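query.txt, holding compact mmCIF, C-alpha atoms:
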# COMPACT_ATOMS: atom_id res chain seq x y z
CA TYR A 1 -78.47 45.51 12.87
CA ILE A 2 -76.23 43.07 14.68
CA LYS A 3 -73.43 43.28 12.12
CA ASP A 4 -73.64 47.05 11.69
CA LEU A 5 -74.04 48.04 15.35
CA LEU A 6 -72.10 45.27 17.06
CA LYS A 7 -69.26 44.86 14.57
CA VAL A 8 -66.61 43.74 17.01
CA PRO A 9 -68.79 41.30 19.04
CA TYR A 10 -69.94 39.91 15.68
CA GLU A 11 -66.29 39.38 14.73
CA LEU A 12 -65.56 37.84 18.13
CA ALA A 13 -68.44 35.39 17.69
CA TYR A 14 -67.04 34.38 14.30
CA ILE A 15 -63.55 33.95 15.72
CA GLY A 16 -64.87 31.81 18.56
CA SER A 17 -66.80 29.59 16.18
CA TYR A 18 -64.41 29.17 13.25
CA CYS A 19 -60.84 30.03 14.30
CA THR A 20 -58.47 27.82 16.27
CA SER A 21 -55.15 28.55 17.90
CA SER A 22 -53.61 25.57 16.09
CA THR A 23 -54.53 26.97 12.67
CA LYS A 24 -53.18 30.37 13.65
CA GLN A 25 -49.92 28.83 14.82
CA ASN A 26 -49.59 26.74 11.65
CA LEU A 27 -49.90 29.84 9.49
CA LEU A 28 -47.49 31.80 11.67
CA ASN A 29 -44.98 28.94 11.31
CA LEU A 30 -45.37 29.00 7.54
CA LEU A 31 -44.90 32.77 7.47
CA GLU A 32 -41.74 32.39 9.54
CA ASP A 33 -40.47 29.81 7.04
CA ILE A 34 -41.12 32.30 4.22
CA ARG A 35 -39.37 35.03 6.19
CA THR A 36 -36.31 32.79 6.60
CA PHE A 37 -36.33 32.00 2.87
CA TYR A 38 -36.48 35.68 1.95
CA ILE A 39 -33.67 36.63 4.30
CA GLU A 40 -31.49 33.97 2.67
CA LEU A 41 -32.60 35.07 -0.80
CA ILE A 42 -31.72 38.69 -0.12
CA ALA A 43 -28.42 37.74 1.50
CA ASN A 44 -27.43 35.93 -1.71
CA THR A 45 -28.73 38.51 -4.21
CA GLU A 46 -25.59 39.39 -6.15
CA TRP A 47 -26.87 42.58 -7.78
CA MET A 48 -27.58 44.17 -4.39
CA SER A 49 -24.92 46.19 -2.59
CA PRO A 50 -24.05 45.22 1.02
CA GLU A 51 -25.69 48.45 2.26
CA THR A 52 -29.04 47.83 0.58
CA ARG A 53 -28.90 44.12 1.39
CA ALA A 54 -28.48 44.82 5.11
CA LEU A 55 -31.44 47.23 5.17
CA ALA A 56 -33.62 44.81 3.21
CA ILE A 57 -32.83 42.01 5.66
CA ASP A 58 -33.63 44.36 8.55
CA LYS A 59 -36.99 45.07 6.94
CA MET A 60 -37.75 41.36 6.70
CA GLN A 61 -36.69 40.72 10.29
CA LYS A 62 -38.96 43.49 11.60
CA MET A 63 -41.99 42.53 9.50
CA LYS A 64 -45.06 41.87 11.67
CA PHE A 65 -47.54 39.05 11.05
CA ARG A 66 -51.19 39.43 12.02
CA VAL A 67 -53.05 36.20 11.41
CA LEU A 68 -56.77 35.35 11.75
CA TYR A 69 -57.43 37.38 14.92
CA PRO A 70 -55.68 39.79 17.32
CA ASP A 71 -53.37 38.29 19.90
CA VAL A 72 -55.29 40.25 22.55
CA LEU A 73 -59.03 40.23 21.90
CA PRO A 74 -61.06 43.34 22.77
CA ASP A 75 -63.16 43.07 25.92
CA TYR A 76 -66.86 43.80 25.51
CA SER A 77 -67.92 42.22 28.79
CA GLY A 78 -68.74 45.68 30.19
CA LEU A 79 -71.33 46.38 27.51
CA THR A 80 -74.87 46.18 28.95
CA TYR A 81 -78.27 47.19 27.64
CA HIS A 82 -81.82 45.92 28.06
CA GLY A 83 -84.07 44.07 25.66
CA TYR A 84 -87.64 45.06 24.92
CA ASP A 85 -88.99 42.62 27.52
CA GLU A 86 -86.81 44.39 30.10
CA GLY A 87 -88.04 47.87 29.23
CA GLY A 88 -85.21 48.69 26.81
CA ASN A 89 -85.39 49.93 23.24
CA LEU A 90 -83.19 50.12 20.15
CA LEU A 91 -82.09 53.74 20.68
CA ASP A 92 -80.93 53.06 24.24
CA ALA A 93 -79.02 50.02 23.04
CA ILE A 94 -77.31 52.03 20.28
CA ALA A 95 -76.40 54.72 22.82
CA ALA A 96 -74.86 52.13 25.16
CA ILE A 97 -72.81 50.63 22.32
CA GLN A 98 -71.61 54.05 21.20
CA LYS A 99 -70.70 55.08 24.74
CA MET A 100 -68.55 52.01 25.23
CA GLU A 101 -66.75 52.44 21.90
CA ASP A 102 -66.17 56.13 22.65
CA THR A 103 -64.70 55.17 26.01
CA GLN A 104 -62.33 52.72 24.31
CA SER A 105 -61.19 55.46 21.93
CA VAL A 106 -60.72 58.05 24.70
CA GLU A 107 -58.49 55.63 26.62
CA LYS A 108 -55.96 55.82 23.77
CA ILE A 109 -55.50 59.60 24.05
CA ASN A 110 -51.93 60.59 25.00
CA GLN A 111 -50.88 56.94 24.94
CA PRO A 112 -48.08 55.53 22.74
CA VAL A 113 -49.36 54.51 19.33
CA ASP A 114 -49.46 50.76 18.86
CA ARG A 115 -48.61 50.39 15.18
CA GLY A 116 -49.30 46.67 15.41
CA GLU A 117 -52.83 47.05 16.76
CA TRP A 118 -55.53 45.14 14.91
CA ASP A 119 -58.76 47.12 15.05
CA LEU A 120 -61.53 44.65 14.22
CA GLN A 121 -63.91 47.57 13.74
CA LYS A 122 -61.91 48.89 10.78
CA MET A 123 -60.41 45.61 9.61
CA PRO A 124 -62.97 42.82 10.16
CA THR A 125 -61.38 39.40 10.04
CA THR A 126 -64.44 38.03 8.24
CA THR A 127 -63.08 39.79 5.14
CA ILE A 128 -62.12 37.30 2.44
CA ASN A 129 -58.68 38.67 1.75
CA ALA A 130 -55.05 38.98 2.75
CA GLY A 131 -52.87 42.04 2.50
CA ASN A 132 -49.55 43.76 3.00
CA GLU A 133 -49.73 47.01 4.92
CA THR A 134 -46.58 48.57 3.51
CA THR A 135 -46.92 51.63 5.76
CA LEU A 136 -46.68 49.37 8.81
CA ASN A 137 -44.41 46.65 7.38
CA SER A 138 -47.11 44.19 8.35
CA ILE A 139 -48.85 41.19 6.79
CA LEU A 140 -52.56 40.64 7.47
CA ILE A 141 -54.28 37.29 6.91
CA PHE A 142 -58.03 37.53 7.51
CA SER A 143 -59.91 34.47 8.69
CA GLY A 144 -62.44 34.90 5.88
CA MET A 145 -59.70 33.58 3.57
CA LEU A 146 -60.04 30.17 5.20
CA ALA A 147 -63.84 29.90 5.02
CA GLY A 148 -64.97 26.67 3.39
CA GLY A 149 -61.56 25.03 3.57
CA PHE A 150 -60.57 25.74 -0.05
CA MET A 151 -57.56 27.99 0.58
CA TYR A 152 -56.34 26.08 3.62
CA ASP A 153 -57.32 22.81 5.27
CA GLU A 154 -55.33 21.32 8.15
CA ASN A 155 -56.22 17.83 6.88
CA ALA A 156 -55.32 18.49 3.24
CA PRO A 157 -52.02 17.40 1.67
CA VAL A 158 -49.20 19.88 2.21
CA GLU A 159 -48.92 20.30 -1.57
CA GLN A 160 -52.49 21.62 -1.75
CA ASN A 161 -52.01 24.08 1.10
CA TYR A 162 -48.70 25.25 -0.34
CA GLY A 163 -50.20 25.71 -3.82
CA ARG A 164 -53.14 27.74 -2.53
CA LEU A 165 -52.69 29.72 0.67
CA GLY A 166 -48.92 29.22 0.77
CA THR A 167 -48.37 31.04 -2.51
CA ILE A 168 -50.72 33.79 -1.28
CA LEU A 169 -48.63 34.28 1.86
CA GLY A 170 -45.46 34.46 -0.19
CA HIS A 171 -47.20 36.85 -2.57
CA GLU A 172 -48.10 39.24 0.24
CA ILE A 173 -44.58 39.25 1.67
CA THR A 174 -43.13 39.89 -1.79
CA HIS A 175 -45.21 43.07 -2.00
CA SER A 176 -42.71 44.59 0.43
CA PHE A 177 -40.15 44.40 -2.37
CA ASP A 178 -42.22 45.13 -5.46
CA THR A 179 -41.97 48.40 -7.41
CA GLN A 180 -44.04 50.18 -4.77
CA GLY A 181 -43.22 48.37 -1.54
CA TYR A 182 -39.48 48.69 -1.98
CA THR A 183 -39.74 52.44 -1.30
CA ARG A 184 -40.73 51.75 2.34
CA ASP A 185 -38.22 50.94 5.05
CA ALA A 186 -38.41 48.58 8.04
CA GLU A 187 -40.75 50.96 9.87
CA GLY A 188 -43.01 51.34 6.84
CA LEU A 189 -41.84 54.90 6.25
CA PRO A 190 -40.96 56.33 2.82
CA TYR A 191 -37.21 56.42 2.79
CA GLY A 192 -34.66 56.22 0.00
CA TRP A 193 -32.65 53.34 1.42
CA TRP A 194 -31.56 51.80 -1.88
CA THR A 195 -28.33 52.91 -3.54
CA ASN A 196 -28.75 54.37 -7.01
CA GLU A 197 -26.97 51.39 -8.55
CA ASP A 198 -29.23 48.90 -6.79
CA GLU A 199 -32.35 50.77 -7.81
CA VAL A 200 -31.24 50.83 -11.44
CA ALA A 201 -30.57 47.07 -11.35
CA PHE A 202 -33.95 46.42 -9.76
CA ARG A 203 -35.75 48.61 -12.29
CA GLN A 204 -34.04 46.84 -15.19
CA LYS A 205 -35.42 43.53 -13.93
CA SER A 206 -38.92 44.92 -13.35
CA ASP A 207 -38.90 46.68 -16.75
CA LYS A 208 -38.27 43.31 -18.40
CA LEU A 209 -41.41 41.98 -16.71
CA VAL A 210 -43.38 45.07 -17.77
CA ASN A 211 -42.29 44.70 -21.38
CA TYR A 212 -43.19 41.01 -21.45
CA TYR A 213 -46.71 41.61 -20.19
CA SER A 214 -47.13 44.64 -22.47
CA SER A 215 -46.47 42.48 -25.53
CA MET A 216 -49.51 40.28 -24.91
CA ASN A 217 -52.90 40.26 -26.52
CA VAL A 218 -55.48 39.82 -23.81
CA LEU A 219 -58.31 38.07 -25.66
CA PRO A 220 -59.18 37.23 -29.27
CA GLY A 221 -60.63 40.35 -30.90
CA ASP A 222 -59.32 42.69 -28.21
CA THR A 223 -56.81 44.83 -30.12
CA LYS A 224 -55.61 46.75 -27.06
CA LEU A 225 -52.39 45.30 -25.68
CA TYR A 226 -52.00 44.42 -22.03
CA SER A 227 -50.49 47.03 -19.70
CA GLY A 228 -47.42 45.68 -17.95
CA ILE A 229 -47.20 48.87 -15.91
CA LEU A 230 -50.70 48.25 -14.56
CA VAL A 231 -50.02 44.70 -13.34
CA GLN A 232 -46.33 44.79 -12.47
CA THR A 233 -46.59 44.86 -8.66
CA GLU A 234 -49.04 41.96 -8.53
CA ALA A 235 -47.13 39.95 -11.15
CA ILE A 236 -43.85 40.41 -9.26
CA SER A 237 -45.55 39.23 -6.08
CA ASP A 238 -47.19 36.21 -7.76
CA MET A 239 -43.78 35.01 -8.91
CA GLY A 240 -42.21 35.71 -5.52
CA GLY A 241 -44.88 33.65 -3.79
CA MET A 242 -44.31 30.73 -6.15
CA LYS A 243 -40.53 30.91 -5.68
CA CYS A 244 -40.98 30.79 -1.88
CA MET A 245 -43.13 27.68 -1.96
CA LEU A 246 -40.92 25.86 -4.46
CA ALA A 247 -37.95 26.50 -2.16
CA LEU A 248 -39.84 25.14 0.86
CA ALA A 249 -41.04 22.16 -1.20
CA GLU A 250 -37.44 21.07 -1.75
CA GLU A 251 -37.23 20.25 1.96
CA ILE A 252 -40.18 17.80 1.83
CA PRO A 253 -39.44 14.22 0.70
CA ASP A 254 -41.52 12.91 -2.24
CA PHE A 255 -43.25 16.26 -2.73
CA ASP A 256 -46.08 15.93 -5.29
CA TYR A 257 -45.36 18.79 -7.69
CA ASP A 258 -48.28 17.90 -9.96
CA LEU A 259 -50.75 18.36 -7.09
CA PHE A 260 -48.95 21.53 -6.04
CA PHE A 261 -49.13 23.15 -9.49
CA ARG A 262 -52.74 22.07 -10.03
CA SER A 263 -53.71 23.46 -6.63
CA PHE A 264 -52.07 26.77 -7.55
CA ALA A 265 -53.92 26.87 -10.89
CA SER A 266 -57.26 26.14 -9.21
CA THR A 267 -56.81 29.23 -7.04
CA TRP A 268 -57.17 31.47 -10.10
CA ALA A 269 -59.78 29.49 -12.02
CA ARG A 270 -62.85 31.60 -12.74
CA GLN A 271 -66.15 31.44 -14.59
CA THR A 272 -66.58 34.77 -16.32
CA SER A 273 -67.62 36.43 -19.56
CA TYR A 274 -65.65 37.90 -22.44
CA ASN A 275 -66.80 41.44 -21.57
CA MET A 276 -65.92 41.11 -17.88
CA GLU A 277 -62.53 39.63 -18.71
CA SER A 278 -61.76 42.37 -21.22
CA THR A 279 -62.81 45.11 -18.80
CA GLN A 280 -60.79 43.65 -15.93
CA ALA A 281 -57.72 43.28 -18.15
CA HIS A 282 -57.47 47.03 -18.70
CA GLN A 283 -58.53 48.23 -15.23
CA ASP A 284 -57.38 45.74 -12.58
CA SER A 285 -53.84 45.81 -11.20
CA HIS A 286 -54.04 42.02 -10.82
CA PRO A 287 -53.23 39.99 -13.94
CA LEU A 288 -56.06 37.93 -15.35
CA GLY A 289 -56.35 34.47 -13.79
CA PHE A 290 -54.84 32.56 -16.70
CA PHE A 291 -51.88 34.96 -16.79
CA ARG A 292 -51.42 34.66 -13.02
CA THR A 293 -51.15 30.91 -13.56
CA ASN A 294 -49.34 30.47 -16.87
CA VAL A 295 -46.92 33.40 -16.90
CA THR A 296 -45.95 32.75 -13.28
CA LEU A 297 -45.24 29.06 -13.88
CA GLN A 298 -43.27 29.80 -17.06
CA GLN A 299 -40.50 31.24 -14.90
CA PHE A 300 -39.63 28.00 -13.09
CA GLU A 301 -37.62 25.03 -14.30
CA LYS A 302 -39.42 22.71 -11.86
CA PHE A 303 -42.68 23.32 -13.74
CA PHE A 304 -41.05 22.30 -17.03
CA GLU A 305 -39.51 19.22 -15.42
CA THR A 306 -42.81 18.12 -13.90
CA TYR A 307 -44.67 18.10 -17.21
CA GLY A 308 -41.85 17.42 -19.65
CA ILE A 309 -42.07 20.87 -21.27
CA GLY A 310 -39.23 21.89 -23.55
CA PRO A 311 -38.26 24.14 -26.49
CA GLY A 312 -41.01 24.26 -29.09
CA ASP A 313 -43.83 23.69 -26.58
CA GLY A 314 -46.32 26.52 -26.12
CA MET A 315 -45.65 27.04 -22.41
CA TYR A 316 -41.88 26.93 -22.70
CA LEU A 317 -39.87 30.08 -22.00
CA ALA A 318 -36.11 30.07 -22.52
CA PRO A 319 -33.99 30.98 -19.47
CA GLU A 320 -32.77 34.22 -21.04
CA ASP A 321 -36.36 35.32 -21.66
CA ARG A 322 -37.67 34.66 -18.15
CA ILE A 323 -38.81 37.69 -16.17
CA LEU A 324 -38.53 36.62 -12.53
CA VAL A 325 -37.63 39.74 -10.53
CA TRP A 326 -36.74 38.00 -7.24
Could you rewrite the structure in this file as structure tokens?
Amino acid sequence: YIKDLLKVPYELAYIGSYCTSSTKQNLLNLLEDIRTFYIELIANTEWMSPETRALAIDKMQKMKFRVLYPDVLPDYSGLTYHGYDEGGNLLDAIAAIQKMEDTQSVEKINQPVDRGEWDLQKMPTTTINAGNETTLNSILIFSGMLAGGFMYDENAPVEQNYGRLGTILGHEITHSFDTQGYTRDAEGLPYGWWTNEDEVAFRQKSDKLVNYYSSMNVLPGDTKLYSGILVQTEAISDMGGMKCMLALAEEIPDFDYDLFFRSFASTWARQTSYNMESTQAHQDSHPLGFFRTNVTLQQFEKFFETYGIGPGDGMYLAPEDRILVW
């Protein structure tokens, strides 16, 4: 009853118990670092025309970050109802809750729409997820992602945090420039802002990724080939997230790349069954965990350097065969 009827106070209680302003600021700082990297990346993308490049940079500059909890928390201090020992009952309590929430909704009538509003009723921060709202040009990082300290721990080595949550943050930002997100402008509106030549160049790069994934056998005995079309947006974003973190890692002295890569791999480690894996492979837009790890890392020279991988080794992929889109 508490979670269903008092969704927002439930969320506020969680925020008060498990979220800190320092963690929020740390993640915002990391997102800003990724933003800066992407602006520089776009500015130096040779196959982009100056017109498209300028609009892409504008999109990055206007991207909003919503992390862990709203900057302004909703006020439920005016909500009052009586317990059973005070002569109250469940129906009266429900009516009081509904009246207050209706009042909050009515107050928005004829007011300017706040496209950056975070409605905890519709988007509970206890959700274990992160996302890119392409229609709002906004990144959402729910506090449920941090539960248990696996994805992010303030006391963990930077390599671990970069390999886990860091690559996720870069992944979500890259979605703004995958084969779906690139159709939205800085305001999140569908708008053909790419030149025809730029779009053709981008599609040639993404088609190479699609073809690579489509050539793979998923599992022994599964005769149906993988669908590169199905997983292209997520695969593009996985590689973008890794590229972001590797760029930021270059600025840290004595960075432990082995710990970084192992932390990244542990993010996608799963215990599953053959049937579940086979079903997911042909229905889920996310690549299977071992593809998210191995195919992503195959695109980066730093991975080969770290483990001494070269031509003839199973993980090696020649530069001309690599499928990195960004």
Any chance you could work out the axis-aligned box around region 184-188 of chain A, listed atoms only, 3 Å on each side, giving centre and edge lengths in Å to one decimal, as AutoDock Vina command-line options?
--center_x -40.6 --center_y 50.2 --center_z 6.1 --size_x 10.8 --size_y 9.2 --size_z 13.5
Write out as a VMD selection string the residues lying within 12 Å of Glu277 (chain A), counting only C-alpha atoms and excluding same-chain residues fewer than 4 positions away. chain A and resid 218 to 220 222 270 to 273 281 to 284 286 to 291
So that I can check the surroundings of Glu305 (chain A), please list as a PDB file with C-alpha atoms, in the coordinates of the input every protein, DNA and RNA residue that reaches within 12 Å of it, counting only C-alpha atoms and ignoring chain neighbours fewer than 6 positions away.
ATOM      1  CA  TYR A 257     -45.360  18.790  -7.690  1.00  0.00           C
ATOM      2  CA  ASP A 258     -48.280  17.900  -9.960  1.00  0.00           C
ATOM      3  CA  PHE A 261     -49.130  23.150  -9.490  1.00  0.00           C
ATOM      4  CA  LEU A 297     -45.240  29.060 -13.880  1.00  0.00           C
ATOM      5  CA  GLN A 298     -43.270  29.800 -17.060  1.00  0.00           C
ATOM      6  CA  TYR A 316     -41.880  26.930 -22.700  1.00  0.00           C
TER       7      TYR A 316
END
Surrounding residues of region 236-240 of chain A excluding itself and chain neighbours under 3 positions, 9 Å, only C-alpha atoms, as an NGL selection string: :A and (167-168 or 170-179 or 206 or 209 or 231-233 or 243-245 or 292-293 or 295-297 or 299 or 323-326)
I want to know what sits within 9 Å of Gln61 (chain A), based on all atoms listed in the file, with residues of the same chain fewer than 6 positions away left out; could you give that as a ChimeraX atom specification? /A:35-36,39,186
